[in-house]
Every structure is written in C-alpha cells, then in structure tokens.
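Structure below is run.pdb: PDB, C-alpha atoms.
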MODEL        1
ATOM      1  CA  MET J   1      69.944 164.501 -36.061
ATOM      2  CA  GLU J   2      73.306 164.484 -37.795
ATOM      3  CA  LEU J   3      74.794 162.373 -35.002
ATOM      4  CA  LEU J   4      72.010 159.841 -35.399
ATOM      5  CA  GLU J   5      72.709 159.576 -39.139
ATOM      6  CA  GLN J   6      76.409 159.046 -38.450
ATOM      7  CA  LEU J   7      75.556 156.374 -35.929
ATOM      8  CA  GLU J   8      73.273 154.646 -38.438
ATOM      9  CA  LYS J   9      76.023 154.702 -41.071
ATOM     10  CA  GLN J  10      78.568 153.302 -38.624
ATOM     11  CA  VAL J  11      76.191 150.551 -37.515
ATOM     12  CA  ALA J  12      75.462 149.678 -41.144
ATOM     13  CA  ALA J  13      79.214 149.598 -41.894
ATOM     14  CA  LEU J  14      79.832 147.376 -38.883
ATOM     15  CA  LEU J  15      77.058 145.002 -39.934
ATOM     16  CA  ASP J  16      78.538 144.817 -43.442
ATOM     17  CA  ARG J  17      81.939 144.092 -41.955
ATOM     18  CA  LEU J  18      80.422 141.429 -39.711
ATOM     19  CA  ASP J  19      78.844 139.750 -42.755
ATOM     20  CA  ARG J  20      82.182 139.792 -44.591
ATOM     21  CA  LEU J  21      83.969 138.346 -41.568
ATOM     22  CA  LYS J  22      81.384 135.576 -41.215
ATOM     23  CA  THR J  23      81.822 134.685 -44.880
ATOM     24  CA  GLU J  24      85.601 134.699 -44.529
ATOM     25  CA  ASN J  25      85.380 132.611 -41.369
ATOM     26  CA  ALA J  26      83.212 130.006 -43.126
ATOM     27  CA  ARG J  27      85.690 129.875 -46.029
ATOM     28  CA  LEU J  28      88.624 129.441 -43.656
ATOM     29  CA  ARG J  29      86.853 126.685 -41.741
ATOM     30  CA  THR J  30      86.212 124.806 -44.975
ATOM     31  CA  GLU J  31      89.811 125.305 -46.054
ATOM     32  CA  SER J  32      91.071 124.192 -42.639
ATOM     33  CA  ALA J  33      88.947 121.032 -42.763
ATOM     34  CA  ALA J  34      90.332 120.230 -46.216
ATOM     35  CA  MET J  35      93.870 120.765 -44.970
ATOM     36  CA  GLY J  36      93.181 118.473 -42.035
ATOM     37  CA  ALA J  37      92.059 115.737 -44.414
ATOM     38  CA  ASP J  38      95.141 116.303 -46.585
ATOM     39  CA  LYS J  39      97.359 116.135 -43.502
ATOM     40  CA  ALA J  40      95.801 112.854 -42.409
ATOM     41  CA  ALA J  41      96.323 111.383 -45.872
ATOM     42  CA  LEU J  42      99.960 112.527 -45.903
ATOM     43  CA  GLU J  43     100.566 111.098 -42.439
ATOM     44  CA  GLU J  44      99.104 107.763 -43.570
ATOM     45  CA  GLU J  45     101.283 107.744 -46.688
ATOM     46  CA  ASN J  46     104.321 108.670 -44.609
ATOM     47  CA  LEU J  47     103.676 105.751 -42.271
ATOM     48  CA  ARG J  48     103.252 103.388 -45.231
ATOM     49  CA  LEU J  49     106.517 104.613 -46.762
ATOM     50  CA  LEU J  50     108.379 104.253 -43.464
ATOM     51  CA  GLU J  51     107.131 100.683 -43.136
ATOM     52  CA  ALA J  52     108.191  99.929 -46.720
ATOM     53  CA  LEU J  53     111.604 101.468 -46.046
ATOM     54  CA  GLU J  54     112.037  99.328 -42.920
ATOM     55  CA  LYS J  55     111.102  96.219 -44.899
ATOM     56  CA  GLU J  56     113.623  97.118 -47.616
ATOM     57  CA  GLU J  57     116.298  97.658 -44.971
ATOM     58  CA  GLN J  58     115.589  94.242 -43.462
ATOM     59  CA  THR J  59     115.733  92.649 -46.918
ATOM     60  CA  ARG J  60     119.039  94.394 -47.642
ATOM     61  CA  LYS J  61     120.524  93.227 -44.335
ATOM     62  CA  ALA J  62     119.384  89.672 -44.995
ATOM     63  CA  ALA J  63     120.900  89.746 -48.494
ATOM     64  CA  LEU J  64     124.196  91.100 -47.134
ATOM     65  CA  GLY J  65     124.234  88.344 -44.525
ATOM     66  CA  ARG J  66     123.739  85.706 -47.204
ATOM     67  CA  ILE J  67     126.486  87.269 -49.367
ATOM     68  CA  ASP J  68     128.847  87.294 -46.381
ATOM     69  CA  ALA J  69     128.053  83.627 -45.734
ATOM     70  CA  LEU J  70     128.768  82.761 -49.379
ATOM     71  CA  LEU J  71     132.055  84.676 -49.299
ATOM     72  CA  HIS J  72     132.988  82.864 -46.114
ATOM     73  CA  ASP J  73     132.208  79.518 -47.744
ATOM     74  CA  ILE J  74     134.318  80.460 -50.799
ATOM     75  CA  GLN J  75     137.233  81.557 -48.601
ATOM     76  CA  GLU J  76     137.010  78.349 -46.583
ATOM     77  CA  HIS J  77     136.910  76.297 -49.752
ATOM     78  CA  ASP J  78     139.924  78.129 -51.184
ATOM     79  CA  SER J  79     141.905  77.677 -47.976
ATOM     80  CA  VAL J  80     141.224  73.910 -47.951
ATOM     81  CA  GLU J  81     142.664  73.472 -51.465
TER      82      GLU J  81
ENDMDL
END

Written form, structure tokens:
Amino acid sequence: MELLEQLEKQVAALLDRLDRLKTENARLRTESAAMGADKAALEEENLRLLEALEKEEQTRKAALGRIDALLHDIQEHDSVE
C-alpha cells in the first residue's frame, strides 16, 4: 500500500511539473514570436538605412566630382591668364 501511495505522489508531482512546463513552453513560444517580429522590423530598418547610406554616398561622390570639375576650371582659367 505504501508503494502505491508513493507512486500516486510521484505521478501527481510529474503531472504538476508537466503543467508548469506546458505553461513555460507557451510563454516561450509567445516570446519567440514577438522576437521574430522585432527581428523582421529591425532587418527592414537595416535595409532602409543601408539604402539611405548608399544614396548619401552617391550624392557625396557626385558633389566631389562637381567640385573637382570646378577646381579644374579655375586652374585652367588661372593658367590662361
């Protein structure tokens, strides 16, 4: 009889543990889904920032090209005089 009572207690403890693990698993799944959404948003923002950076780099290169052309024109003008 004592063995049966021990078995009942162990089964009850295991069922309690199973309930706790199910609850924890559900919480972790929710947290994981939220992190996935956050990751997607960060990846989208990263892509947008990389595109903006590339555009700025192109603008900077174009401006430097125009400045070089102006300096060339000034040097040519000075050498003619």

Please measure the separation of CA of Gln10 in chain J and CA of Leu28 in chain J, giving the value in Å to one decimal.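 CA of Gln10 in chain J sits 26.4 Å away from CA of Leu28 in chain J.
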
Take every atom of range 17-36 of chain J listed in the file, fit an axis-aligned box around them, add 3 Å per side, and give the centre and edge lengths in Å to one decimal as JSON.
{"center_x": 86.4, "center_y": 131.3, "center_z": -43.0, "size_x": 21.0, "size_y": 31.6, "size_z": 12.5}

At what distance in Å, to one decimal, does CA of Ala33 in chain J lie from CA of Arg20 in chain J?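 Computing the Euclidean distance for CA of Arg20 in chain J and CA of Ala33 in chain J yields 20.0 Å.
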
Work out how far apart CA of Arg29 in chain J and CA of Glu45 in chain J are and give it in Å to one decimal.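 Those two atoms sit 24.3 Å apart.
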
Kindly add N, CA, C and O atoms to the incomplete range 61-81 of chain J and provide the output as a compact mmCIF listing (two decimals), in the coordinates of the input.
# COMPACT_ATOMS: atom_id res chain seq x y z
N LYS J 61 119.67 93.84 -45.36
CA LYS J 61 120.52 93.23 -44.34
C LYS J 61 120.56 91.71 -44.49
O LYS J 61 121.63 91.09 -44.35
N ALA J 62 119.43 91.12 -44.79
CA ALA J 62 119.38 89.67 -45.00
C ALA J 62 120.23 89.27 -46.21
O ALA J 62 120.97 88.28 -46.16
N ALA J 63 120.12 90.04 -47.29
CA ALA J 63 120.90 89.75 -48.49
C ALA J 63 122.40 89.89 -48.21
O ALA J 63 123.20 89.05 -48.65
N LEU J 64 122.78 90.93 -47.47
CA LEU J 64 124.20 91.10 -47.13
C LEU J 64 124.69 89.95 -46.26
O LEU J 64 125.83 89.48 -46.43
N GLY J 65 123.86 89.49 -45.35
CA GLY J 65 124.23 88.34 -44.52
C GLY J 65 124.45 87.10 -45.36
O GLY J 65 125.40 86.33 -45.13
N ARG J 66 123.59 86.87 -46.33
CA ARG J 66 123.74 85.71 -47.20
C ARG J 66 125.00 85.83 -48.06
O ARG J 66 125.71 84.84 -48.29
N ILE J 67 125.28 87.04 -48.56
CA ILE J 67 126.49 87.27 -49.37
C ILE J 67 127.72 87.02 -48.52
O ILE J 67 128.68 86.37 -48.96
N ASP J 68 127.71 87.52 -47.28
CA ASP J 68 128.85 87.29 -46.38
C ASP J 68 129.05 85.80 -46.13
O ASP J 68 130.19 85.31 -46.11
N ALA J 69 127.95 85.07 -45.95
CA ALA J 69 128.05 83.63 -45.73
C ALA J 69 128.64 82.94 -46.96
O ALA J 69 129.49 82.03 -46.84
N LEU J 70 128.22 83.34 -48.15
CA LEU J 70 128.77 82.76 -49.38
C LEU J 70 130.26 83.06 -49.52
O LEU J 70 131.05 82.18 -49.88
N LEU J 71 130.62 84.32 -49.23
CA LEU J 71 132.06 84.68 -49.30
C LEU J 71 132.86 83.87 -48.29
O LEU J 71 133.97 83.41 -48.59
N HIS J 72 132.31 83.67 -47.13
CA HIS J 72 132.99 82.86 -46.11
C HIS J 72 133.18 81.42 -46.61
O HIS J 72 134.26 80.83 -46.44
N ASP J 73 132.12 80.87 -47.21
CA ASP J 73 132.21 79.52 -47.74
C ASP J 73 133.26 79.43 -48.84
O ASP J 73 134.05 78.46 -48.90
N ILE J 74 133.33 80.45 -49.71
CA ILE J 74 134.32 80.46 -50.80
C ILE J 74 135.72 80.55 -50.21
O ILE J 74 136.64 79.82 -50.64
N GLN J 75 135.91 81.42 -49.23
CA GLN J 75 137.23 81.56 -48.60
C GLN J 75 137.65 80.26 -47.91
O GLN J 75 138.80 79.85 -48.00
N GLU J 76 136.71 79.63 -47.24
CA GLU J 76 137.01 78.35 -46.58
C GLU J 76 137.37 77.30 -47.62
O GLU J 76 138.31 76.52 -47.43
N HIS J 77 136.64 77.28 -48.70
CA HIS J 77 136.91 76.30 -49.75
C HIS J 77 138.27 76.53 -50.37
O HIS J 77 139.02 75.57 -50.63
N ASP J 78 138.62 77.81 -50.61
CA ASP J 78 139.92 78.13 -51.18
C ASP J 78 141.06 77.78 -50.21
O ASP J 78 142.13 77.36 -50.65
N SER J 79 140.83 77.96 -48.94
CA SER J 79 141.90 77.68 -47.98
C SER J 79 142.13 76.17 -47.79
O SER J 79 143.21 75.74 -47.42
N VAL J 80 141.12 75.37 -48.05
CA VAL J 80 141.22 73.91 -47.95
C VAL J 80 142.06 73.37 -49.10
O VAL J 80 142.82 72.44 -48.95
N GLU J 81 141.94 73.95 -50.26
CA GLU J 81 142.66 73.47 -51.46
C GLU J 81 144.07 73.89 -51.37
O GLU J 81 145.06 73.75 -51.29
